[in-house]
Structure formats: C-alpha cells, structure tokens
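The data block below is coords_4.csv; it holds CSV, C-alpha atoms and all ligand atoms.
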chain,number,residue,atom,x,y,z
T,258,MET,CA,0.0,0.0,0.0
T,259,LEU,CA,1.1,3.5,-0.8
T,260,GLU,CA,0.0,6.5,1.1
T,261,VAL,CA,0.8,10.2,0.6
T,262,ARG,CA,-0.3,12.4,3.5
T,263,ASP,CA,-0.7,16.1,2.9
T,264,ILE,CA,2.5,16.7,1.1
T,265,LYS,CA,3.6,20.2,0.1
T,266,TYR,CA,6.5,20.9,-2.2
T,267,SER,CA,8.0,24.1,-3.6
T,268,TYR,CA,10.7,24.5,-6.2
T,269,ASN,CA,13.4,26.9,-5.0
T,270,ASN,CA,11.3,27.8,-2.0
T,271,ASP,CA,9.2,29.8,-4.4
T,272,TYR,CA,6.7,28.2,-6.7
T,273,GLN,CA,4.5,25.7,-4.8
T,274,ALA,CA,4.0,22.8,-7.1
T,275,LEU,CA,2.2,20.6,-4.6
T,276,LYS,CA,-0.2,22.3,-2.2
T,277,GLY,CA,-1.1,19.5,0.2
T,278,VAL,CA,-1.8,16.3,-1.6
T,279,SER,CA,-3.1,13.2,0.1
T,280,LEU,CA,-3.9,9.9,-1.6
T,281,LYS,CA,-4.0,6.1,-0.8
T,282,ILE,CA,-3.4,3.4,-3.3
T,283,GLU,CA,-4.1,-0.2,-2.3
T,284,LYS,CA,-2.0,-3.2,-3.3
T,285,GLY,CA,-3.1,-4.6,-6.7
T,286,GLU,CA,-4.7,-1.4,-7.9
T,287,MET,CA,-4.1,0.1,-11.3
T,288,VAL,CA,-4.7,3.8,-11.1
T,289,ALA,CA,-4.4,6.8,-13.4
T,290,LEU,CA,-3.3,10.3,-12.3
T,291,LEU,CA,-4.8,12.8,-14.7
T,292,GLY,CA,-3.7,16.4,-15.0
T,293,LYS,CA,-2.6,18.9,-17.6
T,294,ASN,CA,1.0,19.9,-18.2
T,295,GLY,CA,2.3,21.7,-15.1
T,296,ALA,CA,-0.4,20.2,-12.7
T,297,GLY,CA,2.3,18.6,-10.6
T,298,LYS,CA,2.1,15.0,-11.7
T,299,SER,CA,5.9,14.5,-12.1
T,300,THR,CA,6.6,16.4,-8.9
T,301,LEU,CA,4.1,14.1,-7.0
T,302,PHE,CA,5.6,10.9,-8.5
T,303,LEU,CA,9.2,12.0,-7.6
T,304,HIS,CA,8.0,11.9,-4.0
T,305,LEU,CA,6.7,8.3,-4.2
T,306,ASN,CA,10.1,6.6,-3.7
T,307,GLY,CA,12.0,9.5,-2.0
T,308,ILE,CA,13.7,11.1,-5.0
T,309,TYR,CA,12.2,14.3,-3.6
T,310,GLU,CA,11.6,15.0,0.1
T,311,PRO,CA,8.5,17.0,0.8
T,312,ASP,CA,8.6,20.3,2.6
T,313,GLU,CA,5.7,19.1,4.6
T,314,GLY,CA,3.8,15.9,4.8
T,315,LYS,CA,4.7,12.2,4.7
T,316,VAL,CA,4.8,9.2,2.4
T,317,PHE,CA,4.1,5.7,3.6
T,318,ILE,CA,4.9,2.4,1.9
T,319,ASP,CA,3.3,-0.7,3.3
T,320,GLY,CA,2.5,1.3,6.3
T,321,GLU,CA,6.1,2.3,6.9
T,322,GLU,CA,7.1,6.0,6.8
T,323,LEU,CA,9.5,6.8,4.1
T,324,LYS,CA,12.9,7.9,5.5
T,325,TYR,CA,15.6,9.7,3.5
T,326,ASP,CA,18.8,8.1,4.6
T,327,LYS,CA,20.7,6.0,2.0
T,328,LYS,CA,19.8,2.6,3.4
T,329,SER,CA,16.1,3.3,3.7
T,330,LEU,CA,16.0,4.8,0.2
T,331,LEU,CA,17.5,1.7,-1.3
T,332,LYS,CA,14.8,-0.4,0.4
T,333,PHE,CA,12.0,1.8,-0.7
T,334,ARG,CA,13.3,2.2,-4.2
T,335,GLN,CA,13.2,-1.6,-4.6
T,336,LYS,CA,9.6,-1.6,-3.7
T,337,VAL,CA,8.5,1.4,-5.7
T,338,GLY,CA,10.0,1.7,-9.2
T,339,ILE,CA,9.6,4.9,-11.2
T,340,VAL,CA,9.7,5.1,-15.0
T,341,PHE,CA,10.5,8.7,-15.9
T,342,GLN,CA,8.7,10.4,-18.7
T,343,ASN,CA,11.9,10.9,-20.7
T,344,PRO,CA,13.9,7.7,-20.9
T,345,ASP,CA,17.1,9.7,-21.4
T,346,ASP,CA,16.8,10.7,-17.8
T,347,GLN,CA,17.0,7.1,-16.8
T,348,ILE,CA,19.3,5.2,-19.2
T,349,PHE,CA,23.0,5.8,-18.7
T,350,ALA,CA,24.9,2.5,-19.3
T,351,PRO,CA,26.7,1.9,-22.6
T,352,THR,CA,24.6,-1.1,-23.5
T,353,VAL,CA,21.0,-2.2,-23.0
T,354,GLU,CA,21.9,-5.2,-20.8
T,355,GLU,CA,24.2,-3.2,-18.6
T,356,ASP,CA,21.5,-0.6,-18.2
T,357,VAL,CA,18.8,-3.1,-17.1
T,358,ALA,CA,21.4,-4.9,-14.9
T,359,PHE,CA,22.2,-1.7,-13.0
T,360,GLY,CA,19.4,-1.8,-10.4
T,361,PRO,CA,19.6,-5.5,-9.7
T,362,LEU,CA,23.4,-5.2,-9.3
T,363,ASN,CA,22.8,-2.4,-6.8
T,364,LEU,CA,20.7,-4.8,-4.8
T,365,GLY,CA,23.7,-7.1,-4.4
T,366,LEU,CA,22.3,-10.1,-6.2
T,367,SER,CA,24.5,-12.8,-7.7
T,368,MET,CA,25.6,-12.3,-11.4
T,369,GLU,CA,23.5,-15.3,-12.3
T,370,GLU,CA,20.4,-13.9,-10.7
T,371,VAL,CA,21.1,-10.5,-12.3
T,372,GLN,CA,21.5,-12.2,-15.8
T,373,ASP,CA,18.2,-14.1,-15.3
T,374,ARG,CA,16.4,-10.9,-14.4
T,375,VAL,CA,17.8,-9.0,-17.3
T,376,GLU,CA,16.8,-11.6,-19.8
T,377,GLU,CA,13.3,-12.0,-18.3
T,378,ALA,CA,12.7,-8.2,-18.2
T,379,LEU,CA,13.9,-7.6,-21.8
T,380,ASP,CA,11.7,-10.5,-22.9
T,381,ARG,CA,8.7,-9.0,-21.1
T,382,VAL,CA,9.0,-5.7,-23.0
T,383,GLY,CA,9.8,-7.3,-26.4
T,384,MET,CA,13.5,-6.2,-26.4
T,385,SER,CA,15.3,-9.5,-26.4
T,386,GLY,CA,18.1,-9.4,-28.9
T,387,PHE,CA,19.1,-5.8,-28.0
T,388,GLU,CA,21.3,-6.8,-25.1
T,389,LYS,CA,24.5,-5.4,-26.7
T,390,THR,CA,22.9,-2.4,-28.4
T,391,ALA,CA,23.9,1.1,-27.3
T,392,PRO,CA,20.8,2.8,-26.0
T,393,HIS,CA,21.4,5.9,-28.2
T,394,HIS,CA,20.8,3.6,-31.3
T,395,LEU,CA,17.3,2.9,-30.1
T,396,SER,CA,14.1,4.7,-31.0
T,397,GLY,CA,12.2,6.6,-28.4
T,398,GLY,CA,9.7,3.8,-27.9
T,399,GLN,CA,12.4,1.2,-27.6
T,400,LYS,CA,14.3,3.3,-25.0
T,401,LYS,CA,11.1,3.6,-23.0
T,402,ARG,CA,10.7,-0.2,-23.1
T,403,VAL,CA,14.3,-0.6,-21.9
T,404,ALA,CA,13.6,1.9,-19.0
T,405,ILE,CA,10.6,-0.2,-18.1
T,406,ALA,CA,12.7,-3.4,-18.2
T,407,GLY,CA,15.2,-1.8,-15.8
T,408,ILE,CA,12.5,-1.2,-13.3
T,409,LEU,CA,10.9,-4.7,-13.9
T,410,ALA,CA,14.3,-6.3,-13.2
T,411,MET,CA,14.1,-4.8,-9.6
T,412,LYS,CA,10.9,-6.8,-9.1
T,413,PRO,CA,9.0,-3.9,-7.6
T,414,GLU,CA,5.7,-4.1,-5.7
T,415,ILE,CA,4.6,-0.8,-7.2
T,416,MET,CA,5.4,0.6,-10.6
T,417,VAL,CA,4.9,4.3,-11.2
T,418,LEU,CA,5.0,5.5,-14.8
T,419,ASP,CA,5.1,9.1,-15.8
T,420,GLU,CA,3.3,9.7,-19.1
T,421,PRO,CA,4.3,6.2,-20.4
T,422,THR,CA,2.3,6.5,-23.6
T,423,ALA,CA,3.6,9.9,-24.6
T,424,GLY,CA,5.3,9.8,-28.0
T,425,LEU,CA,4.4,6.2,-28.8
T,426,ASP,CA,2.5,5.2,-32.0
T,427,PRO,CA,-0.9,3.7,-31.6
T,428,GLN,CA,0.4,0.1,-31.8
T,429,GLY,CA,3.1,1.0,-29.2
T,430,VAL,CA,0.4,2.4,-26.9
T,431,THR,CA,-1.7,-0.8,-27.3
T,432,ASN,CA,1.3,-3.0,-26.5
T,433,LEU,CA,2.3,-1.0,-23.5
T,434,VAL,CA,-1.2,-1.0,-22.0
T,435,LYS,CA,-1.4,-4.7,-22.5
T,436,LEU,CA,1.9,-5.2,-20.8
T,437,LEU,CA,1.0,-3.1,-17.8
T,438,LYS,CA,-2.4,-4.9,-17.5
T,439,GLU,CA,-0.5,-8.2,-17.4
T,440,LEU,CA,1.9,-7.0,-14.8
T,441,ASN,CA,-1.0,-5.8,-12.7
T,442,ASP,CA,-2.7,-9.2,-13.1
T,443,GLU,CA,0.5,-10.7,-11.7
T,444,GLY,CA,0.1,-8.5,-8.6
T,445,ILE,CA,2.2,-5.4,-9.3
T,446,THR,CA,0.4,-2.2,-8.3
T,447,ILE,CA,0.5,0.2,-11.2
T,448,VAL,CA,0.3,4.0,-11.1
T,449,ILE,CA,0.2,5.9,-14.4
T,450,SER,CA,0.1,9.6,-15.1
T,451,THR,CA,-1.4,10.7,-18.4
T,452,HIS,CA,-3.2,13.5,-20.1
T,453,GLU,CA,-4.6,11.1,-22.6
T,454,VAL,CA,-7.9,10.2,-21.1
T,455,ASP,CA,-9.3,7.9,-23.9
T,456,LEU,CA,-7.7,4.7,-22.7
T,457,VAL,CA,-8.1,5.3,-19.0
T,458,PRO,CA,-11.4,3.5,-18.5
T,459,ASP,CA,-9.8,0.5,-20.2
T,460,TYR,CA,-7.2,-0.1,-17.6
T,461,ALA,CA,-7.7,2.0,-14.5
T,462,ASN,CA,-9.8,0.9,-11.6
T,463,ARG,CA,-9.4,4.4,-10.0
T,464,VAL,CA,-8.6,7.9,-11.2
T,465,PHE,CA,-7.2,10.9,-9.5
T,466,VAL,CA,-7.3,14.4,-10.9
T,467,LEU,CA,-4.6,16.9,-10.1
T,468,VAL,CA,-5.1,20.6,-10.9
T,469,GLY,CA,-2.6,23.2,-9.9
T,470,GLY,CA,-0.9,21.1,-7.3
T,471,GLU,CA,-4.2,19.9,-5.7
T,472,LEU,CA,-6.2,16.8,-6.0
T,473,ILE,CA,-9.7,17.9,-7.0
T,474,ALA,CA,-11.3,14.6,-7.7
T,475,GLU,CA,-11.0,10.9,-7.1
T,476,GLY,CA,-13.2,8.0,-8.1
T,477,THR,CA,-13.8,5.2,-10.6
T,478,PRO,CA,-13.4,6.1,-14.3
T,479,LYS,CA,-17.2,6.0,-14.5
T,480,ASP,CA,-17.5,8.5,-11.6
T,481,ILE,CA,-14.9,10.8,-13.1
T,482,PHE,CA,-15.8,10.8,-16.7
T,483,SER,CA,-19.6,11.1,-16.2
T,484,ARG,CA,-19.2,14.3,-14.2
T,485,PRO,CA,-21.2,17.2,-15.7
P,1,LIG,P1,3.3,17.8,-14.7
P,1,LIG,O1,4.1,16.6,-14.5
P,1,LIG,O2,1.9,17.6,-14.3
P,1,LIG,O3,3.4,18.4,-16.0
P,1,LIG,P2,5.3,19.0,-13.0
P,1,LIG,O4,5.3,18.3,-11.7
P,1,LIG,O5,6.4,18.7,-14.0
P,1,LIG,O6,3.9,18.9,-13.7
P,1,LIG,O7,5.4,20.6,-12.7
P,1,LIG,C1,4.6,21.2,-11.7
P,1,LIG,C2,5.0,22.7,-11.7
P,1,LIG,O8,6.3,22.8,-11.1
P,1,LIG,C3,5.0,23.4,-13.0
P,1,LIG,O9,4.5,24.7,-12.9
P,1,LIG,C4,6.5,23.4,-13.4
P,1,LIG,O10,6.8,24.5,-14.2
P,1,LIG,C5,7.1,23.5,-12.0
P,1,LIG,N1,8.4,22.8,-12.0
P,1,LIG,C6,8.6,21.5,-12.4
P,1,LIG,N2,9.9,21.2,-12.3
P,1,LIG,C7,10.6,22.4,-11.9
P,1,LIG,C8,11.9,22.7,-11.6
P,1,LIG,N3,12.9,21.8,-11.7
P,1,LIG,N4,12.2,23.9,-11.2
P,1,LIG,C9,11.2,24.9,-11.0
P,1,LIG,N5,9.9,24.6,-11.3
P,1,LIG,C10,9.6,23.4,-11.7
P,2,LIG,P1,9.0,3.4,-32.0
P,2,LIG,O1,9.6,4.4,-31.1
P,2,LIG,O2,10.0,2.9,-33.1
P,2,LIG,O3,7.7,3.6,-32.6
P,2,LIG,P2,7.7,1.4,-30.4
P,2,LIG,O4,8.1,0.9,-29.1
P,2,LIG,O5,6.5,2.2,-30.5
P,2,LIG,O6,9.0,2.1,-31.1
P,2,LIG,O7,7.4,0.1,-31.3
P,2,LIG,C1,8.4,-0.5,-32.1
P,2,LIG,C2,7.8,-1.9,-32.5
P,2,LIG,O8,7.8,-2.7,-31.4
P,2,LIG,C3,6.3,-1.7,-32.9
P,2,LIG,O9,6.1,-2.5,-34.1
P,2,LIG,C4,5.5,-2.2,-31.8
P,2,LIG,O10,4.4,-2.9,-32.2
P,2,LIG,C5,6.5,-3.2,-31.1
P,2,LIG,N1,6.3,-3.2,-29.6
P,2,LIG,C6,6.1,-2.2,-28.9
P,2,LIG,N2,5.9,-2.5,-27.6
P,2,LIG,C7,6.1,-3.9,-27.5
P,2,LIG,C8,6.0,-4.8,-26.5
P,2,LIG,N3,5.8,-4.5,-25.2
P,2,LIG,N4,6.2,-6.1,-26.8
P,2,LIG,C9,6.4,-6.5,-28.1
P,2,LIG,N5,6.4,-5.6,-29.1
P,2,LIG,C10,6.3,-4.3,-28.8
Since I need it in another form, could you write the structure as structure tokens?
Amino acid sequence: MLEVRDIKYSYNNDYQALKGVSLKIEKGEMVALLGKNGAGKSTLFLHLNGIYEPDEGKVFIDGEELKYDKKSLLKFRQKVGIVFQNPDDQIFAPTVEEDVAFGPLNLGLSMEEVQDRVEEALDRVGMSGFEKTAPHHLSGGQKKRVAIAGILAMKPEIMVLDEPTAGLDPQGVTNLVKLLKELNDEGITIVISTHEVDLVPDYANRVFVLVGGELIAEGTPKDIFSRP
C-alpha cells in the first residue's frame, strides 16, 4: 500500500508545485493520475520513492514511513520503481543489458540472478536481442521499453510510470497498456500519469485528478468521466 499524506513541495522555496496532496493506493490497484501539463504530476511521482523529500507531509509504503537516509531509500526504491517520462533521464549505461542490470546489481544479487532478471525483463518488454545495443541507437519507444525493463528487473511491488504513452505510436500504446495490465494481473500495483484520457477507462480501476498542485477529484473512471 502506498499513502501520501498532505504533502507540500515548492521549487526553489518559491513556486508551490504541490499544495497539500493526500492519496492512498491499495495493493493490486491500477490507477491513473490525470492532469494537464504543469499540474504537478511528475513532482508528485518523484515523492513516491523518495527522489524528492516533501517540505511538509509524509509518504508511507506498506504502512512504513519513508525515510531519506541512503539505506532506507535503497529499500523503498526496490519496492517502488519509477519510470520517468523521458527515458534519457533514466538510461545511462553503454549497452541495454548493462542498463537493465544496474538496479539488480545495486541490490547485491548474484551475477547469475542478475542475468536471469535482465533476460526476463527484456523479454517482457519485447526487447530480447538488443542486449549489446547502445541505447542511443534505439528509437524513443524502444528506449522507453528498456527503461521499463530496468524497473521490472528490480521486481518492484509498485510501478509508477510518468506519461508512459507519450510519444508512442498507436500500436506501441496498445502494446504498452497490454503489458501493464498483465503486470497488474500478476500482482504489481500500477500508477500511471497521463493527459490522454481515452484509454483510462480501459485499464484504471481508479482515477485521481490533479489541478494546480491539488487533487480535485478521485473515483472510478465512471465517476470521473460522467461528471457534468
Ligand atoms: P506535470 O508533471 O503535471 O506536467 P510538474 O510536476 O512537472 O507537472 O510541474 C509542476 C509545476 O512545477 C509546473 O509549474 C512546473 O513549471 C514547475 N516545475 C517543475 N519542475 C521544476 C523545476 N525543476 N524547477 C522549477 N519549477 C519546476
Ligand atoms: P518506435 O519508437 O520505433 O515507434 P515502439 O516501441 O513504439 O517504437 O514500437 C516498435 C515496434 O515494437 C512496434 O512494431 C511495436 O508494435 C512493437 N512493440 C512495442 N511495444 C512492444 C511490447 N511490449 N512487446 C512487443 N512488441 C512491442
């Protein structure tokens, strides 16, 4: 379970991007966070595994308060994996396989276990065969899939994806939504931000709406989209 309790966050002690946001996401849910550009979606997501520390408020993962020392962060980041909007912010290694291996290696797993996880994750996202490829040779959609594989290889309980469908062609979107639904069926809690509402009723069991750093609505897709 993931809980955000009344978090506030300002950039440069100036612009308040989050003005007291609270939400709870239960294990096994697949939720969508809707909001226009600038609403604060990315800022909120960066709080979900401690990349940002809120000015006020708290984050709880499985009932445990998020702490910001190195050791705690490693533990929480294994549970909550974030796929950034721009894969270039996430992919650094010289080859695809080294990139996907980065997280599992950090967990101190054996080489054999790391290899298994890398192969499995690349297979899941349809990127087997690209192990030795340099990420800069990949298309935007392929990079995104490698970024997702890197998170999957950590075997997270919760996956948070910032605008995962942005920039994909329709087939890429369909494939991605299918993959995320499968992962959700296997027990991974999924949190997606998007400003593309069309597909949301297809996958989300619950929707949150963020406007100007405040959550203004929360409900089933039916509740949210049938509002006058
Ligand atoms: P969204 O993901 O919904 O598009 P963001 O969380 O990226 O929204 O941004 C929320 C607000 O915070 C916006 O007004 C944005 O301009 C501002 N903001 C985001 N990142 C920074 C930053 N690094 N420095 C200053 N302001 C920022
Ligand atoms: P591009 O940026 O080149 O459009 P995409 O990721 O959108 O890259 O898709 C490239 C090809 O890979 C498409 O034909 C798409 O159908 C396929 N593809 C995309 N996602 C998956 C997936 N999860 N599993 C298998 N094939 C996929």
Cut-off 6 Å, all atoms listed in the file, neighbours of ligand LIG 1 (chain P) as a list in words: Tyr268, Ala274, Gly292, Lys293, Asn294, Gly295, Ala296, Gly297, Lys298, Ser299 and Thr300 of chain T
Those residues with C-alpha atoms, as a short mmCIF file (atom, residue, chain, number, x, y, z; two decimals), in the coordinates of the input please?
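Listed below is the output, result.cif:
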data_model
loop_
_atom_site.label_atom_id
_atom_site.label_comp_id
_atom_site.auth_asym_id
_atom_site.auth_seq_id
_atom_site.Cartn_x
_atom_site.Cartn_y
_atom_site.Cartn_z
CA TYR T 268 10.70 24.50 -6.20
CA ALA T 274 4.00 22.80 -7.10
CA GLY T 292 -3.70 16.40 -15.00
CA LYS T 293 -2.60 18.90 -17.60
CA ASN T 294 1.00 19.90 -18.20
CA GLY T 295 2.30 21.70 -15.10
CA ALA T 296 -0.40 20.20 -12.70
CA GLY T 297 2.30 18.60 -10.60
CA LYS T 298 2.10 15.00 -11.70
CA SER T 299 5.90 14.50 -12.10
CA THR T 300 6.60 16.40 -8.90
#
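Nearest residue to Thr352 (chain T), choosing from T:Leu395, T:Val457, T:Leu280, T:Leu418 and counting only C-alpha atoms: T:Leu395.
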Would you compute the distance between atom C8 of ligand LIG 2 (chain P) and CA of Gly429 (chain T)? Give it in Å to one decimal. 7.0 Å
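Closest to ligand LIG 2 (chain P) among T:Pro478, T:Pro458, T:Gly470, T:Gly424 is T:Gly424, based on all atoms listed in the file.
Minimum atom-to-atom distance to Asp455 (chain T), evaluated using all atoms listed in the file, belongs to T:Ala289 out of T:Ala289, T:Asp419, T:Phe349, T:Gly407.
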Using all atoms listed in the file, which protein or nucleic acid residues are at most 10 Å from ligand LIG 2 (chain P), as a PyMOL selection string? chain T and resi 379-385+395-403+405-406+422+424-437
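For the choices T:Glu310, T:Asp480, T:Glu370, T:Glu414, the atom-to-atom distance to Val464 (chain T) is smallest for T:Asp480 when using all atoms listed in the file.
Between CA of Pro421 (chain T) and CA of Ala461 (chain T) lies a distance of 14.0 Å.
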Shell around Phe482 (chain T) at 12 Å using all atoms listed in the file, local window under 3 positions removed, as a PDB file with C-alpha atoms, in the frame of the given file:
ATOM      1  CA  LEU T 291      -4.800  12.800 -14.700  1.00  0.00           C
ATOM      2  CA  VAL T 454      -7.900  10.200 -21.100  1.00  0.00           C
ATOM      3  CA  ASP T 455      -9.300   7.900 -23.900  1.00  0.00           C
ATOM      4  CA  LEU T 456      -7.700   4.700 -22.700  1.00  0.00           C
ATOM      5  CA  VAL T 457      -8.100   5.300 -19.000  1.00  0.00           C
ATOM      6  CA  PRO T 458     -11.400   3.500 -18.500  1.00  0.00           C
ATOM      7  CA  ARG T 463      -9.400   4.400 -10.000  1.00  0.00           C
ATOM      8  CA  VAL T 464      -8.600   7.900 -11.200  1.00  0.00           C
ATOM      9  CA  PHE T 465      -7.200  10.900  -9.500  1.00  0.00           C
ATOM     10  CA  VAL T 466      -7.300  14.400 -10.900  1.00  0.00           C
ATOM     11  CA  ALA T 474     -11.300  14.600  -7.700  1.00  0.00           C
ATOM     12  CA  GLU T 475     -11.000  10.900  -7.100  1.00  0.00           C
ATOM     13  CA  GLY T 476     -13.200   8.000  -8.100  1.00  0.00           C
ATOM     14  CA  THR T 477     -13.800   5.200 -10.600  1.00  0.00           C
ATOM     15  CA  PRO T 478     -13.400   6.100 -14.300  1.00  0.00           C
ATOM     16  CA  LYS T 479     -17.200   6.000 -14.500  1.00  0.00           C
ATOM     17  CA  PRO T 485     -21.200  17.200 -15.700  1.00  0.00           C
TER      18      PRO T 485
END
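Using only C-alpha atoms, the shortest contact distance between Ile445 (chain T) and any of T:Ser483, T:Gly365, T:Pro351, T:Val417 is found at T:Val417.
Relative to CA of Ile473 (chain T), CA of Tyr325 (chain T) is found at 28.6 Å.
Of the listed residues T:Leu290, T:Ile415, T:Val357, T:Ala404, the one whose atoms come nearest to Gln342 (chain T) is T:Ala404, with distances taken using only C-alpha atoms.
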